[in-house]
Structures are given as structure tokens and as C-alpha cells.
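Text of work-v5.cif, listed as mmCIF, C-alpha atoms:
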data_final
#
loop_
_atom_site.label_atom_id
_atom_site.label_comp_id
_atom_site.auth_asym_id
_atom_site.auth_seq_id
_atom_site.Cartn_x
_atom_site.Cartn_y
_atom_site.Cartn_z
CA MET H 1 0.00 0.00 0.00
CA SER H 2 1.26 3.46 -0.81
CA GLY H 3 1.52 6.36 1.62
CA PHE H 4 3.90 7.31 4.41
CA SER H 5 6.95 5.12 4.94
CA GLN H 6 7.60 3.37 8.21
CA GLU H 7 10.24 6.01 9.08
CA VAL H 8 7.62 8.75 9.39
CA THR H 9 6.91 9.15 13.11
CA HIS H 10 4.70 12.24 13.16
CA VAL H 11 1.56 12.94 11.13
CA THR H 12 -0.39 16.17 11.45
CA LEU H 13 -4.11 16.34 10.88
CA GLU H 14 -3.53 18.35 7.70
CA GLU H 15 -1.25 15.60 6.36
CA VAL H 16 -3.88 12.98 7.15
CA LEU H 17 -6.55 14.91 5.24
CA GLN H 18 -4.22 15.46 2.30
CA GLN H 19 -3.39 11.75 2.10
CA VAL H 20 -7.06 10.81 2.27
CA GLU H 21 -8.06 13.18 -0.54
CA THR H 22 -5.15 12.08 -2.72
CA ASN H 23 -4.99 8.31 -2.29
CA TYR H 24 -8.33 6.95 -1.11
CA PRO H 25 -9.78 4.57 -3.76
CA SER H 26 -13.29 6.02 -3.85
CA ILE H 27 -11.83 9.43 -4.80
CA LEU H 28 -9.72 7.86 -7.55
CA GLN H 29 -12.82 6.00 -8.72
CA TYR H 30 -14.66 9.29 -9.21
CA GLN H 31 -11.73 10.69 -11.18
CA GLU H 32 -11.91 7.78 -13.61
CA ASN H 33 -15.68 8.13 -13.91
CA ILE H 34 -15.23 11.82 -14.77
CA LYS H 35 -12.72 10.93 -17.49
CA SER H 36 -15.14 8.32 -18.82
CA TRP H 37 -18.01 10.81 -19.20
CA GLN H 38 -15.70 13.39 -20.75
CA ALA H 39 -14.53 10.81 -23.29
CA LYS H 40 -18.15 9.95 -24.09
CA ALA H 41 -18.91 13.64 -24.58
CA GLU H 42 -16.09 13.94 -27.10
CA ALA H 43 -17.25 10.85 -28.95
CA SER H 44 -20.92 11.85 -28.99
CA THR H 45 -20.54 14.29 -31.91
CA ALA H 46 -19.08 11.64 -34.22
CA TRP H 47 -21.03 10.52 -37.29
CA MET H 48 -21.90 6.93 -38.00
CA PRO H 49 -19.44 5.29 -40.43
CA PRO H 50 -20.45 5.21 -44.11
CA THR H 51 -21.91 2.02 -45.54
CA PHE H 52 -20.47 0.41 -48.66
CA SER H 53 -22.36 -2.28 -50.52
CA THR H 54 -21.97 -4.16 -53.79
CA GLY H 55 -23.88 -6.86 -55.62
CA PHE H 56 -25.18 -8.25 -58.89
CA MET H 57 -28.31 -6.71 -60.39
CA GLN H 58 -30.73 -8.12 -62.94
CA PHE H 59 -28.45 -10.97 -63.99
CA PRO H 60 -30.18 -13.41 -66.38
CA TYR H 61 -30.21 -17.13 -65.72
CA ASP H 62 -28.95 -17.53 -69.23
CA LEU H 63 -25.47 -16.15 -68.79
CA ALA H 64 -24.94 -16.20 -72.56
CA MET H 65 -27.05 -13.04 -72.74
CA LEU H 66 -24.28 -11.16 -70.94
CA LYS H 67 -22.35 -11.11 -74.22
CA GLU H 68 -25.10 -9.21 -75.98
CA LYS H 69 -24.12 -5.55 -76.35
CA ASN H 70 -26.62 -2.70 -76.69
CA ASP H 71 -29.43 -5.16 -76.10
CA PRO H 72 -32.25 -3.67 -73.99
CA MET H 73 -32.86 -7.14 -72.58
CA ASN H 74 -29.31 -7.27 -71.19
CA GLN H 75 -29.61 -5.03 -68.12
CA ALA H 76 -27.21 -7.02 -65.95
CA ALA H 77 -24.90 -4.94 -63.85
CA VAL H 78 -22.58 -4.99 -60.87
CA ASN H 79 -23.75 -2.37 -58.39
CA PHE H 80 -21.49 -0.34 -56.10
CA SER H 81 -23.03 2.00 -53.52
CA VAL H 82 -21.90 4.23 -50.66
CA GLU H 83 -24.35 5.57 -48.08
CA GLN H 84 -23.75 8.12 -45.32
CA MET H 85 -26.28 9.07 -42.66
CA ILE H 86 -25.91 12.60 -41.27
CA VAL H 87 -27.34 13.01 -37.78
CA ASN H 88 -28.95 16.36 -37.09
CA PRO H 89 -26.28 18.63 -35.50
CA GLY H 90 -28.80 19.72 -32.85
CA LYS H 91 -29.05 16.14 -31.63
CA LEU H 92 -25.27 15.72 -31.46
CA ASN H 93 -24.76 18.98 -29.55
CA ALA H 94 -27.54 18.08 -27.10
CA LYS H 95 -26.00 14.69 -26.43
CA LYS H 96 -22.55 16.21 -25.87
CA ALA H 97 -23.94 18.72 -23.38
CA TYR H 98 -25.76 15.89 -21.58
CA PHE H 99 -22.62 13.77 -21.17
CA ASN H 100 -20.64 16.80 -19.99
CA SER H 101 -23.32 17.42 -17.35
CA LEU H 102 -22.88 13.85 -16.06
CA SER H 103 -19.16 14.50 -15.54
CA GLU H 104 -20.04 17.63 -13.54
CA ILE H 105 -22.32 15.55 -11.30
CA GLU H 106 -19.45 13.15 -10.67
CA LYS H 107 -17.21 16.07 -9.71
CA SER H 108 -19.71 17.23 -7.08
CA ASN H 109 -20.17 13.68 -5.79
CA SER H 110 -16.39 13.38 -5.54
CA GLU H 111 -16.16 16.57 -3.48
CA TRP H 112 -18.91 15.41 -1.14
CA THR H 113 -17.19 12.05 -0.67
CA LYS H 114 -14.01 13.94 0.23
CA ASN H 115 -16.06 15.88 2.78
CA LYS H 116 -17.34 12.65 4.33
CA LEU H 117 -13.84 11.20 4.50
CA ARG H 118 -12.48 14.40 6.05
CA LYS H 119 -15.04 14.16 8.83
CA GLU H 120 -14.26 10.49 9.45
CA ALA H 121 -10.52 11.21 9.57
CA LYS H 122 -10.99 14.14 11.97
CA VAL H 123 -13.11 12.09 14.37
CA LEU H 124 -10.53 9.27 14.38
CA TYR H 125 -7.70 11.76 14.91
CA TYR H 126 -9.53 13.52 17.74
CA THR H 127 -10.39 10.16 19.31
CA ARG H 128 -6.74 9.22 19.48
CA TYR H 129 -5.72 12.69 20.71
CA VAL H 130 -8.24 12.77 23.58
CA ASN H 131 -7.58 9.20 24.64
CA GLU H 132 -3.82 9.82 24.71
CA LYS H 133 -4.48 12.80 26.99
CA LYS H 134 -6.64 10.57 29.18
CA LYS H 135 -3.85 7.99 29.37
CA THR H 136 -1.50 10.73 30.59
CA ILE H 137 -4.03 11.73 33.26
CA LEU H 138 -4.36 8.10 34.34
CA SER H 139 -0.58 7.69 34.59
CA GLU H 140 -0.28 10.83 36.71
CA SER H 141 -3.17 9.73 38.93
CA GLU H 142 -1.66 6.27 39.26
CA GLU H 143 1.63 7.73 40.49
CA ILE H 144 -0.20 9.84 43.07
CA LEU H 145 -2.30 6.90 44.26
CA GLU H 146 0.76 4.65 44.63
CA ILE H 147 2.41 7.27 46.84
CA LEU H 148 -0.77 7.62 48.91
CA LEU H 149 -1.05 3.84 49.33
CA LYS H 150 2.54 3.56 50.47
CA THR H 151 1.92 6.27 53.05
CA ALA H 152 -1.33 4.62 54.19
CA GLU H 153 0.33 1.20 54.52
CA ALA H 154 3.12 2.73 56.60
CA ARG H 155 0.56 4.38 58.85
CA PHE H 156 -1.47 1.17 59.10
CA SER H 157 1.43 -0.46 60.86
CA ASN H 158 1.12 2.35 63.39
CA ASN H 159 -2.67 1.94 63.58
CA GLN H 160 -3.21 5.27 61.84
CA SER H 161 -5.00 3.92 58.72
CA LYS H 162 -7.94 1.60 58.13
CA LEU H 163 -7.32 -1.65 56.28
CA GLN H 164 -10.57 -1.49 54.26
CA THR H 165 -9.63 1.93 52.93
CA ILE H 166 -6.25 0.63 51.81
CA TYR H 167 -7.95 -2.26 49.98
CA LYS H 168 -10.27 0.20 48.30
CA GLY H 169 -7.25 2.20 47.12
CA LYS H 170 -5.60 -0.93 45.72
CA ALA H 171 -8.82 -1.84 43.94
CA ARG H 172 -8.92 1.63 42.36
CA LEU H 173 -5.29 1.18 41.31
CA ALA H 174 -6.20 -2.06 39.54
CA GLU H 175 -9.16 -0.34 37.88
CA LEU H 176 -6.76 2.28 36.52
CA ASN H 177 -4.88 -0.50 34.73
CA ASN H 178 -8.12 -1.67 33.15
CA MET H 179 -8.88 1.85 32.03
CA GLN H 180 -5.41 2.07 30.47
CA TYR H 181 -6.10 -1.12 28.52
CA MET H 182 -9.44 0.22 27.36
CA LEU H 183 -7.93 3.53 26.20
CA SER H 184 -5.05 1.74 24.46
CA GLY H 185 -7.56 -0.40 22.58
CA THR H 186 -9.48 2.67 21.45
CA ILE H 187 -6.23 4.35 20.32
CA ALA H 188 -5.20 1.23 18.38
CA GLU H 189 -8.61 1.13 16.71
CA SER H 190 -8.26 4.80 15.71
CA ASN H 191 -4.77 4.11 14.33
CA ILE H 192 -6.10 1.34 12.12
CA GLY H 193 -8.88 3.57 10.83
CA LEU H 194 -6.47 6.42 10.05
CA ASN H 195 -4.00 4.10 8.32
CA ILE H 196 -6.77 2.70 6.14
CA LEU H 197 -7.95 6.18 5.20
CA MET H 198 -4.37 7.18 4.33
CA VAL H 199 -3.96 3.90 2.35
CA ARG H 200 -1.07 2.73 4.51
CA ASP H 201 -0.23 -0.52 6.23
CA VAL H 202 -2.91 -0.95 8.89
CA MET H 203 -0.37 -1.48 11.66
CA ALA H 204 2.01 1.33 10.67
CA PRO H 205 3.00 3.29 13.81
CA PHE H 206 2.93 7.08 13.89
CA GLN H 207 2.65 9.98 16.28
CA ILE H 208 0.08 12.76 16.17
CA ASP H 209 -0.02 16.40 17.23
CA SER H 210 0.46 16.94 20.95
CA VAL H 211 -1.85 19.97 20.87
CA VAL H 212 -5.20 20.26 19.08
CA LYS H 213 -6.84 23.64 19.47
CA ILE H 214 -10.57 24.29 19.72
CA LYS H 215 -11.71 26.52 16.86
CA LYS H 216 -14.37 28.39 18.86
CA TYR H 217 -16.98 28.91 16.16
CA ASP H 218 -19.28 31.88 16.74
CA LEU H 219 -23.06 31.81 16.59
CA ASN H 220 -23.85 33.18 13.12
CA PRO H 221 -27.02 33.22 10.99
CA VAL H 222 -27.21 30.23 8.63
CA ASN H 223 -26.40 31.41 5.10
CA SER H 224 -28.78 29.72 2.66
CA SER H 225 -26.67 30.74 -0.35
CA THR H 226 -23.64 28.98 1.16
CA ILE H 227 -25.72 25.86 1.76
CA SER H 228 -26.79 25.83 -1.89
CA LYS H 229 -23.13 25.59 -2.89
CA ARG H 230 -22.59 22.48 -0.77
CA SER H 231 -21.41 19.62 -2.99
CA ASP H 232 -24.24 17.19 -2.26
CA ILE H 233 -26.85 19.87 -2.92
CA ALA H 234 -24.89 21.09 -5.95
CA ALA H 235 -24.95 17.50 -7.23
CA ILE H 236 -28.76 17.50 -7.02
CA ALA H 237 -28.89 20.86 -8.84
CA LYS H 238 -26.58 19.50 -11.53
CA SER H 239 -28.69 16.35 -11.78
CA ILE H 240 -31.72 18.54 -12.44
CA GLU H 241 -29.77 20.41 -15.09
CA SER H 242 -28.66 17.10 -16.56
CA MET H 243 -32.25 15.85 -16.73
CA ASN H 244 -33.25 19.04 -18.52
CA LEU H 245 -30.50 18.33 -21.04
CA GLU H 246 -31.73 14.76 -21.36
CA GLN H 247 -35.19 16.17 -22.04
CA LYS H 248 -33.65 18.37 -24.69
CA ILE H 249 -32.25 15.25 -26.33
CA MET H 250 -35.73 13.75 -26.33
CA LYS H 251 -37.18 16.88 -27.89
CA THR H 252 -34.56 16.90 -30.61
CA GLY H 253 -36.08 13.60 -31.67
CA LYS H 254 -38.57 15.61 -33.72
CA LYS H 255 -35.71 17.02 -35.77
CA PRO H 256 -34.99 15.13 -39.00
CA ASP H 257 -31.80 13.26 -39.81
CA PHE H 258 -30.31 13.28 -43.27
CA GLY H 259 -28.57 10.86 -45.56
CA ILE H 260 -26.95 10.62 -48.96
CA ARG H 261 -26.50 7.60 -51.18
CA ALA H 262 -24.33 7.34 -54.32
CA GLU H 263 -24.48 4.36 -56.68
CA HIS H 264 -22.54 3.22 -59.70
CA MET H 265 -23.79 0.41 -61.92
CA GLN H 266 -21.24 -1.31 -64.13
CA MET H 267 -23.43 -2.53 -66.99
CA PHE H 268 -22.73 -5.52 -69.23
CA GLY H 269 -24.99 -4.78 -72.23
CA MET H 270 -25.93 -1.15 -71.70
CA PRO H 271 -24.05 2.07 -70.92
CA ASN H 272 -22.86 2.42 -67.33
CA GLN H 273 -25.26 4.22 -65.00
CA TRP H 274 -25.08 6.12 -61.73
CA SER H 275 -27.49 7.56 -59.20
CA LEU H 276 -27.31 10.05 -56.35
CA MET H 277 -30.06 10.19 -53.72
CA GLY H 278 -30.72 12.30 -50.66
CA MET H 279 -32.70 11.03 -47.63
CA ILE H 280 -34.51 12.63 -44.73
CA THR H 281 -36.32 11.08 -41.77
CA ILE H 282 -39.86 12.18 -40.91
CA PRO H 283 -40.05 11.98 -37.10
CA ILE H 284 -43.21 14.08 -36.77
CA VAL H 285 -45.57 11.32 -37.83
CA PRO H 286 -47.89 10.33 -34.94
CA TRP H 287 -46.56 6.79 -34.43
CA SER H 288 -43.02 8.17 -34.10
CA SER H 289 -43.51 11.42 -32.17
CA LYS H 290 -45.28 9.67 -29.29
CA MET H 291 -41.98 8.15 -28.17
CA TYR H 292 -40.09 11.37 -27.46
CA THR H 293 -43.07 13.44 -26.29
CA SER H 294 -43.98 10.88 -23.59
CA GLU H 295 -40.40 10.58 -22.36
CA ALA H 296 -39.99 14.36 -22.24
CA LYS H 297 -43.14 14.63 -20.14
CA ALA H 298 -41.89 11.93 -17.75
CA ILE H 299 -38.69 13.90 -17.22
CA ASP H 300 -40.75 16.97 -16.25
CA PHE H 301 -42.25 15.03 -13.35
CA LYS H 302 -38.85 13.68 -12.33
CA VAL H 303 -37.35 17.19 -12.33
CA GLN H 304 -40.13 18.43 -10.05
CA SER H 305 -39.46 15.52 -7.69
CA MET H 306 -35.76 16.36 -7.54
CA GLU H 307 -36.52 20.03 -6.88
CA PHE H 308 -38.42 18.96 -3.76
CA GLU H 309 -35.53 16.68 -2.79
CA LYS H 310 -33.07 19.56 -3.14
CA ARG H 311 -35.28 21.81 -1.02
CA ASN H 312 -35.55 19.12 1.64
CA MET H 313 -31.76 18.75 1.73
CA GLN H 314 -31.35 22.52 2.10
CA LEU H 315 -33.75 22.62 5.03
CA MET H 316 -32.06 19.68 6.74
CA ALA H 317 -28.65 21.30 6.25
CA GLN H 318 -29.92 24.56 7.77
CA ARG H 319 -31.28 22.65 10.74
CA MET H 320 -28.08 20.67 11.31
CA ILE H 321 -25.84 23.75 11.05
CA ALA H 322 -28.02 25.75 13.44
CA GLU H 323 -28.16 22.86 15.92
CA LYS H 324 -24.39 22.37 15.84
CA GLN H 325 -23.82 26.10 16.40
CA ILE H 326 -26.12 26.20 19.42
CA MET H 327 -24.72 23.00 20.92
CA LEU H 328 -21.16 24.25 20.47
CA GLN H 329 -21.85 27.45 22.41
CA TYR H 330 -23.12 25.47 25.41
CA GLU H 331 -20.31 22.93 25.16
CA TYR H 332 -17.70 25.71 25.00
CA GLY H 333 -19.15 27.12 28.23
CA GLN H 334 -19.14 23.78 30.01
CA TYR H 335 -15.58 22.96 28.93
CA GLU H 336 -14.32 26.35 30.07
CA ASN H 337 -16.08 25.83 33.41
CA TYR H 338 -14.38 22.46 33.83
CA LYS H 339 -11.00 23.91 32.87
CA SER H 340 -11.04 27.12 34.88
CA LYS H 341 -13.25 26.28 37.87
CA ILE H 342 -14.32 22.67 38.46
CA VAL H 343 -10.98 20.87 38.01
CA PRO H 344 -8.93 23.53 39.87
CA ALA H 345 -11.43 23.46 42.75
CA PHE H 346 -11.20 19.69 43.11
CA GLU H 347 -7.39 19.87 42.83
CA ASN H 348 -7.39 22.40 45.68
CA ASN H 349 -9.63 20.07 47.65
CA LEU H 350 -7.18 17.23 47.07
CA GLN H 351 -4.25 19.38 48.19
CA ALA H 352 -6.14 20.48 51.30
CA ASN H 353 -6.98 16.88 52.24
CA LEU H 354 -3.42 15.80 51.49
CA LEU H 355 -2.10 18.52 53.82
CA ALA H 356 -4.55 17.49 56.55
CA TYR H 357 -3.55 13.84 56.15
CA ARG H 358 0.13 14.69 56.47
CA GLN H 359 -0.65 16.63 59.63
CA ASN H 360 -2.57 13.63 61.03
CA THR H 361 -5.82 15.60 61.06
CA GLY H 362 -7.30 14.01 57.94
CA ASP H 363 -8.68 10.62 57.01
CA PHE H 364 -7.30 8.42 54.20
CA PHE H 365 -10.83 7.55 53.06
CA ILE H 366 -11.63 11.24 52.52
CA LEU H 367 -8.24 11.73 50.84
CA LEU H 368 -8.92 8.80 48.51
CA ASP H 369 -12.32 10.26 47.67
CA ALA H 370 -10.71 13.64 46.87
CA TRP H 371 -8.16 11.91 44.61
CA GLU H 372 -10.94 10.02 42.86
CA MET H 373 -12.97 13.20 42.29
CA VAL H 374 -9.99 14.96 40.67
CA LEU H 375 -9.46 12.00 38.33
CA MET H 376 -13.16 11.80 37.48
CA LYS H 377 -13.49 15.53 36.74
CA LYS H 378 -10.37 15.56 34.59
CA MET H 379 -11.70 12.62 32.58
CA GLU H 380 -15.05 14.40 32.27
CA MET H 381 -13.22 17.50 31.06
CA TYR H 382 -11.56 15.50 28.28
CA ASP H 383 -14.88 13.86 27.44
CA LYS H 384 -16.24 17.37 27.04
CA LEU H 385 -13.24 18.29 24.86
CA PHE H 386 -13.93 15.32 22.60
CA THR H 387 -17.59 16.32 22.39
CA ILE H 388 -16.50 19.79 21.24
CA LEU H 389 -13.98 18.50 18.71
CA ASN H 390 -16.53 16.03 17.37
CA LEU H 391 -19.19 18.75 17.10
CA GLU H 392 -16.74 21.03 15.32
CA ALA H 393 -15.96 18.22 12.87
CA GLU H 394 -19.70 17.77 12.26
CA TYR H 395 -20.17 21.52 11.89
CA GLU H 396 -17.35 21.65 9.34
CA TYR H 397 -18.90 18.66 7.58
CA GLU H 398 -22.29 20.38 7.32
CA ASN H 399 -20.61 23.57 6.03
CA GLU H 400 -18.17 21.54 3.90
CA THR H 401 -15.25 23.39 5.44
CA LYS H 402 -11.92 22.10 4.19
#

Please express the file's structure as C-alpha cells.
Amino acid sequence: MSGFSQEVTHVTLEEVLQQVETNYPSILQYQENIKSWQAKAEASTAWMPPTFSTGFMQFPYDLAMLKEKNDPMNQAAVNFSVEQMIVNPGKLNAKKAYFNSLSEIEKSNSEWTKNKLRKEAKVLYYTRYVNEKKKTILSESEEILEILLKTAEARFSNNQSKLQTIYKGKARLAELNNMQYMLSGTIAESNIGLNILMVRDVMAPFQIDSVVKIKKYDLNPVNSSTISKRSDIAAIAKSIESMNLEQKIMKTGKKPDFGIRAEHMQMFGMPNQWSLMGMITIPIVPWSSKMYTSEAKAIDFKVQSMEFEKRNMQLMAQRMIAEKQIMLQYEYGQYENYKSKIVPAFENNLQANLLAYRQNTGDFFILLDAWEMVLMKKMEMYDKLFTILNLEAEYEYENETK
């Protein structure tokens, strides 16, 4: 698989997104589809090849008559003919425009697929980032708890600590190991997902950014004109345009096609003869016109259906963008509260209990509870951070922000 070599140890989010948009097979598939439609558009204005035919005409069963010259009864000849049909230029131009419109639809679908992949890559990247931060918190908390347990065990020998509280602390220490395993599993799962998206070896190791900043999106009115430019909605608009072009092809069915036929007759008993004929189709007869008029009418209904689909997609996009904006404002507030008030307050509480315990005026059970609360609130803070990063990724997905 192509992509980063094993020597690369650090991959930024921007590099991940670039690799996804460049190498992922579904994107390459769209590129080939676009080339296919463009090739069809170029070929659509070509004429049908001419037709050559030859044969014997009016040969007598009595072949001896072929030797008779200037005999009206000897009309035997070898016929050579060339025929060329000329399709109405309006039909050819309409077909070319239709095929070009299909390539434009594929371009929009390709961009929307990139948008989906960007969101998936961001969520996987943020998942690893947050869980690595959680692992760091667990390691720090584990070190603190080990020190507290050693102190409690030393005091137990002096009858200054309760055995059940020490066992509870050891149980919490074992639970920390389980949490480390769980986080490591989630990180490994994210790594596999990112490697697949970057088209790398699934087990290729790499490091990520140590800092991921919150973007802090403001609460702004939803811009309907911006939504209309979104690739999935643009694809619907282009599909409508394409169907109108297909309808135009149907309507050009009432335009005549032309043809020309040239013949040479090599006579045996008479002077050589030739003929030149022109041809024209008559598509306006009732049994012929019904075909293209019915199909054109069917396309009208389909276009109306797709207009409603496009409007529905616009409304859903407006709703999702507005919801993500509102949710982000509340999540920003909660995260800031955790960061600036809740976690510092519980850390101060832990320090106060630790000081009291050192001065033999505190209880290990209360100290253990204070330690546990600090750990819990820090983990909740990073859960809130992931919620924000995930919401921002969804907001960027809805806005198709690159």
C-alpha cells in the first residue's frame, strides 16, 4: 500500500486529510468516472461510419445473354453504392452537453465524498488525541495513588489507617490499569482507521499532534446561499440540469436526420449508369412522435421531484448547522467551566486533604475520595473536549469546510 513510509513518526491532521483526498480509492474512482463521461462527450458528436455495398443486379439465368451488347434485354450490372447518414447537429450537440453534465455531477459527488472522509478522519484523529491525553491523566493519577497507598500502609502499621480503605485504594489502582487497557484499545482502533484512510499498512505506527486547538466557532445566521453551494446539494442541482438536457435530447427527436447515397452500376450490355439520392427522416408522424413526447413529459415530473428533494436537503442542512452552532456554544461554556473552575477546585480540595492527612488531622478515606474526584473531573473534562472537537468536525462537515 502506498503512503507514508515506516520512518515517518509524526503525522499532522492536515497531512492525514491530504493523504485521504489524494490516495483513497473512492476518490480515484470518481476521477476515472469523470474521465469516462468526458470521453463519451467527445465521442458523442461523431457521425456513423459510411456504408459500402456491392452486388449483382438483374443478372439473367442464361449467362450467354451477358455477351449481348446494346441489347435492352441485357440489363445485368454490378452495383457499387456508398451511403452516409448525417445526424442532425442539434441532436449531437444536445448529447454532448448531456454527457458533460454527467461528468459535472461526478465532480460534485467526488467533493462530497471527500467531505465525508475528512469528517471520518478528523473524528478518528480527535479520538486518538483525547484518549492519549486521558492515558497521561491516568498515569499521573496512578503515580499519586501509589504514593498515597505507600503512606497509608506505613501508617497502618502504626494503627493510623484503616485496612478497608487501603484495599479500596488498591482496587482503584487495579481499575486504573483496566482503564489504560481500554484507552489503548481505542487508540489502536483509531490508528487502524487512520492508516486505512491514508492507504497505509494498517499497523504502521505514527505519532500525532500533541496539541489540538478548539476553533471556537461563533453563533452566526445560517447562510442559505452557502448551503446551496454544498457539494451534495450542488450535485442535485446539476442532476436537475442534466435531466433538462436529457429532455432536450428527447425533444430533438422531432428534428430530421439526413442521408446521402451514391451508386454506380457497371453494366454488361448497356451504358454504365449512376445515381445520387438524398434522404430525410420524418419523425413528426404520430406513431413516431409519441416516443419522445412521452419521455420528455416523464422527465418533467422527475425534475419536479428532484426540486423537492433539493429543497428538503437545504432545510435539513440549515437545521443541522443551526443545531451544531447552538450545541457548540453550550459545550464551550461547560468545557471552560471544567477547565477554569471545576478541576482547579477539586485539585485544591485534594491538596487540602493531602495537607490534613500529612498533619494527622485528615482521614485516608476522605483523601482517597478527593483523589478520585480529581481524576473523574479531569476525565469528564476530556470527554467534554472530545464532544466539542466532534461537534466542530460535524459543523465543518455540514458547512463543507476544508

To test your reading of the syntax: which residues would the PyMOL selection byres ((chain H and resi 162-171) around 12) return for the file shown? Reply as a compact mmCIF listing (two decimals) with C-alpha atoms, keeping the file's coordinate frame.
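File written: part.txt
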# COMPACT_ATOMS: atom_id res chain seq x y z
CA SER H 141 -3.17 9.73 38.93
CA GLU H 142 -1.66 6.27 39.26
CA ILE H 144 -0.20 9.84 43.07
CA LEU H 145 -2.30 6.90 44.26
CA GLU H 146 0.76 4.65 44.63
CA ILE H 147 2.41 7.27 46.84
CA LEU H 148 -0.77 7.62 48.91
CA LEU H 149 -1.05 3.84 49.33
CA LYS H 150 2.54 3.56 50.47
CA THR H 151 1.92 6.27 53.05
CA ALA H 152 -1.33 4.62 54.19
CA GLU H 153 0.33 1.20 54.52
CA ALA H 154 3.12 2.73 56.60
CA ARG H 155 0.56 4.38 58.85
CA PHE H 156 -1.47 1.17 59.10
CA SER H 157 1.43 -0.46 60.86
CA ASN H 158 1.12 2.35 63.39
CA ASN H 159 -2.67 1.94 63.58
CA GLN H 160 -3.21 5.27 61.84
CA SER H 161 -5.00 3.92 58.72
CA ARG H 172 -8.92 1.63 42.36
CA LEU H 173 -5.29 1.18 41.31
CA ALA H 174 -6.20 -2.06 39.54
CA GLU H 175 -9.16 -0.34 37.88
CA LEU H 176 -6.76 2.28 36.52
CA ASN H 177 -4.88 -0.50 34.73
CA ASN H 178 -8.12 -1.67 33.15
CA ASP H 363 -8.68 10.62 57.01
CA PHE H 364 -7.30 8.42 54.20
CA PHE H 365 -10.83 7.55 53.06
CA ILE H 366 -11.63 11.24 52.52
CA LEU H 367 -8.24 11.73 50.84
CA LEU H 368 -8.92 8.80 48.51
CA ASP H 369 -12.32 10.26 47.67
CA ALA H 370 -10.71 13.64 46.87
CA TRP H 371 -8.16 11.91 44.61
CA GLU H 372 -10.94 10.02 42.86

Matched chain/residue IDs from the PyMOL selection byres ((chain H and resi 79-92) around 7), as a CSV table (one decimal) with C-alpha atoms, in the frame of the given file:
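In the end it all went to part_34.csv:
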chain,number,residue,atom,x,y,z
H,44,SER,CA,-20.9,11.8,-29.0
H,45,THR,CA,-20.5,14.3,-31.9
H,47,TRP,CA,-21.0,10.5,-37.3
H,48,MET,CA,-21.9,6.9,-38.0
H,50,PRO,CA,-20.4,5.2,-44.1
H,51,THR,CA,-21.9,2.0,-45.5
H,52,PHE,CA,-20.5,0.4,-48.7
H,53,SER,CA,-22.4,-2.3,-50.5
H,54,THR,CA,-22.0,-4.2,-53.8
H,55,GLY,CA,-23.9,-6.9,-55.6
H,56,PHE,CA,-25.2,-8.2,-58.9
H,57,MET,CA,-28.3,-6.7,-60.4
H,77,ALA,CA,-24.9,-4.9,-63.8
H,78,VAL,CA,-22.6,-5.0,-60.9
H,93,ASN,CA,-24.8,19.0,-29.6
H,94,ALA,CA,-27.5,18.1,-27.1
H,95,LYS,CA,-26.0,14.7,-26.4
H,96,LYS,CA,-22.6,16.2,-25.9
H,249,ILE,CA,-32.2,15.2,-26.3
H,252,THR,CA,-34.6,16.9,-30.6
H,255,LYS,CA,-35.7,17.0,-35.8
H,256,PRO,CA,-35.0,15.1,-39.0
H,257,ASP,CA,-31.8,13.3,-39.8
H,258,PHE,CA,-30.3,13.3,-43.3
H,259,GLY,CA,-28.6,10.9,-45.6
H,260,ILE,CA,-27.0,10.6,-49.0
H,261,ARG,CA,-26.5,7.6,-51.2
H,262,ALA,CA,-24.3,7.3,-54.3
H,263,GLU,CA,-24.5,4.4,-56.7
H,264,HIS,CA,-22.5,3.2,-59.7
H,265,MET,CA,-23.8,0.4,-61.9
H,266,GLN,CA,-21.2,-1.3,-64.1

Closest atom pairs, range 356-392 of chain H residues within 8 Å of range 323-328 of chain H, all atoms listed in the file, as JSON lines:
{"residue": "H:Ile388", "atom": "CA", "partner": "H:Leu328", "partner_atom": "CA", "distance": 6.5}
{"residue": "H:Leu391", "atom": "CA", "partner": "H:Lys324", "partner_atom": "CA", "distance": 6.5}
{"residue": "H:Glu392", "atom": "CA", "partner": "H:Leu328", "partner_atom": "CA", "distance": 7.5}

key: Nearest candidate to Lys116 in chain H (options H:Leu183, H:Ser275, H:Glu396, H:Tyr338; using all atoms listed in the file)   =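 Closest to Lys116 in chain H of all the choices is H:Glu396.
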
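Comparing the minimum interatomic distances between Lys297 in chain H and each of H:Ile105, H:Met250, H:Ala121, H:Leu197, counting all atoms listed in the file, we find that H:Met250 sits nearest.
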
task = Between H:Met73, H:Ala352, H:Ala237, H:Ile214, single out the one closest to Leu385 in chain H, counting only C-alpha atoms.
result =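 Closest to Leu385 in chain H of all the choices is H:Ile214.
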
ask   = Please, what distance in Å, to one decimal, runs between CA of Met306 in chain H and CA of Ser239 in chain H?
value = 8.2 Å

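Selection by the PyMOL selection byres ((chain H and resi 384) around 9) on the present file picks out Glu331, Tyr332, Gln334, Tyr335, Tyr338, Met379, Glu380, Met381, Tyr382, Asp383, Leu385, Phe386, Thr387, Ile388 and Leu389 of chain H.
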
ask   = What lies within 12 Å of Tyr61 in chain H using only C-alpha atoms, ignoring chain neighbours under 4 positions off, as a ChimeraX atom specification?
value = /H:57,65-66,74,76

query = Can you tell me how far CA of Gly362 in chain H sits from CA of Asn337 in chain H, in Å to one decimal?
reply = 28.6 Å

request  = Counting only C-alpha atoms, select every polymer residue within 12 Å of (-4.7, 12.1, 0.9) as defined in the file's coordinates, and provide the selection as number ranges by chain.
outcome  = H: 2-4, 13-28, 114, 117-118, 121, 194-200

request  = May I ask which of the residues H:Ala322, H:Asn33, H:Ala393, H:Ala41 is the closest one to Asp218 in chain H, counting all atoms listed in the file?
outcome  = H:Ala322

request  = Can you work out the spacing between CA of Leu138 in chain H and CA of Glu120 in chain H in Å, to one decimal?
outcome  =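 Going from CA of Leu138 in chain H over to CA of Glu120 in chain H, I get 26.9 Å.
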
Hey, can I get the axis-aligned box for range 128-133 of chain H? All listed atoms, 6 Å padding on each side, centre and edge lengths in Å to one decimal, as lines of an AutoDock Vina configuration file.
center_x = -6.0
center_y = 11.0
center_z = 23.2
size_x = 16.4
size_y = 15.6
size_z = 19.5

request  = Please identify all polymer residues within 7 Å of Glu398 in chain H, counting only C-alpha atoms, omitting same-chain residues fewer than 3 positions from it, and present them as an NGL selection string.
outcome  = :H and (317 or 321 or 394-395)
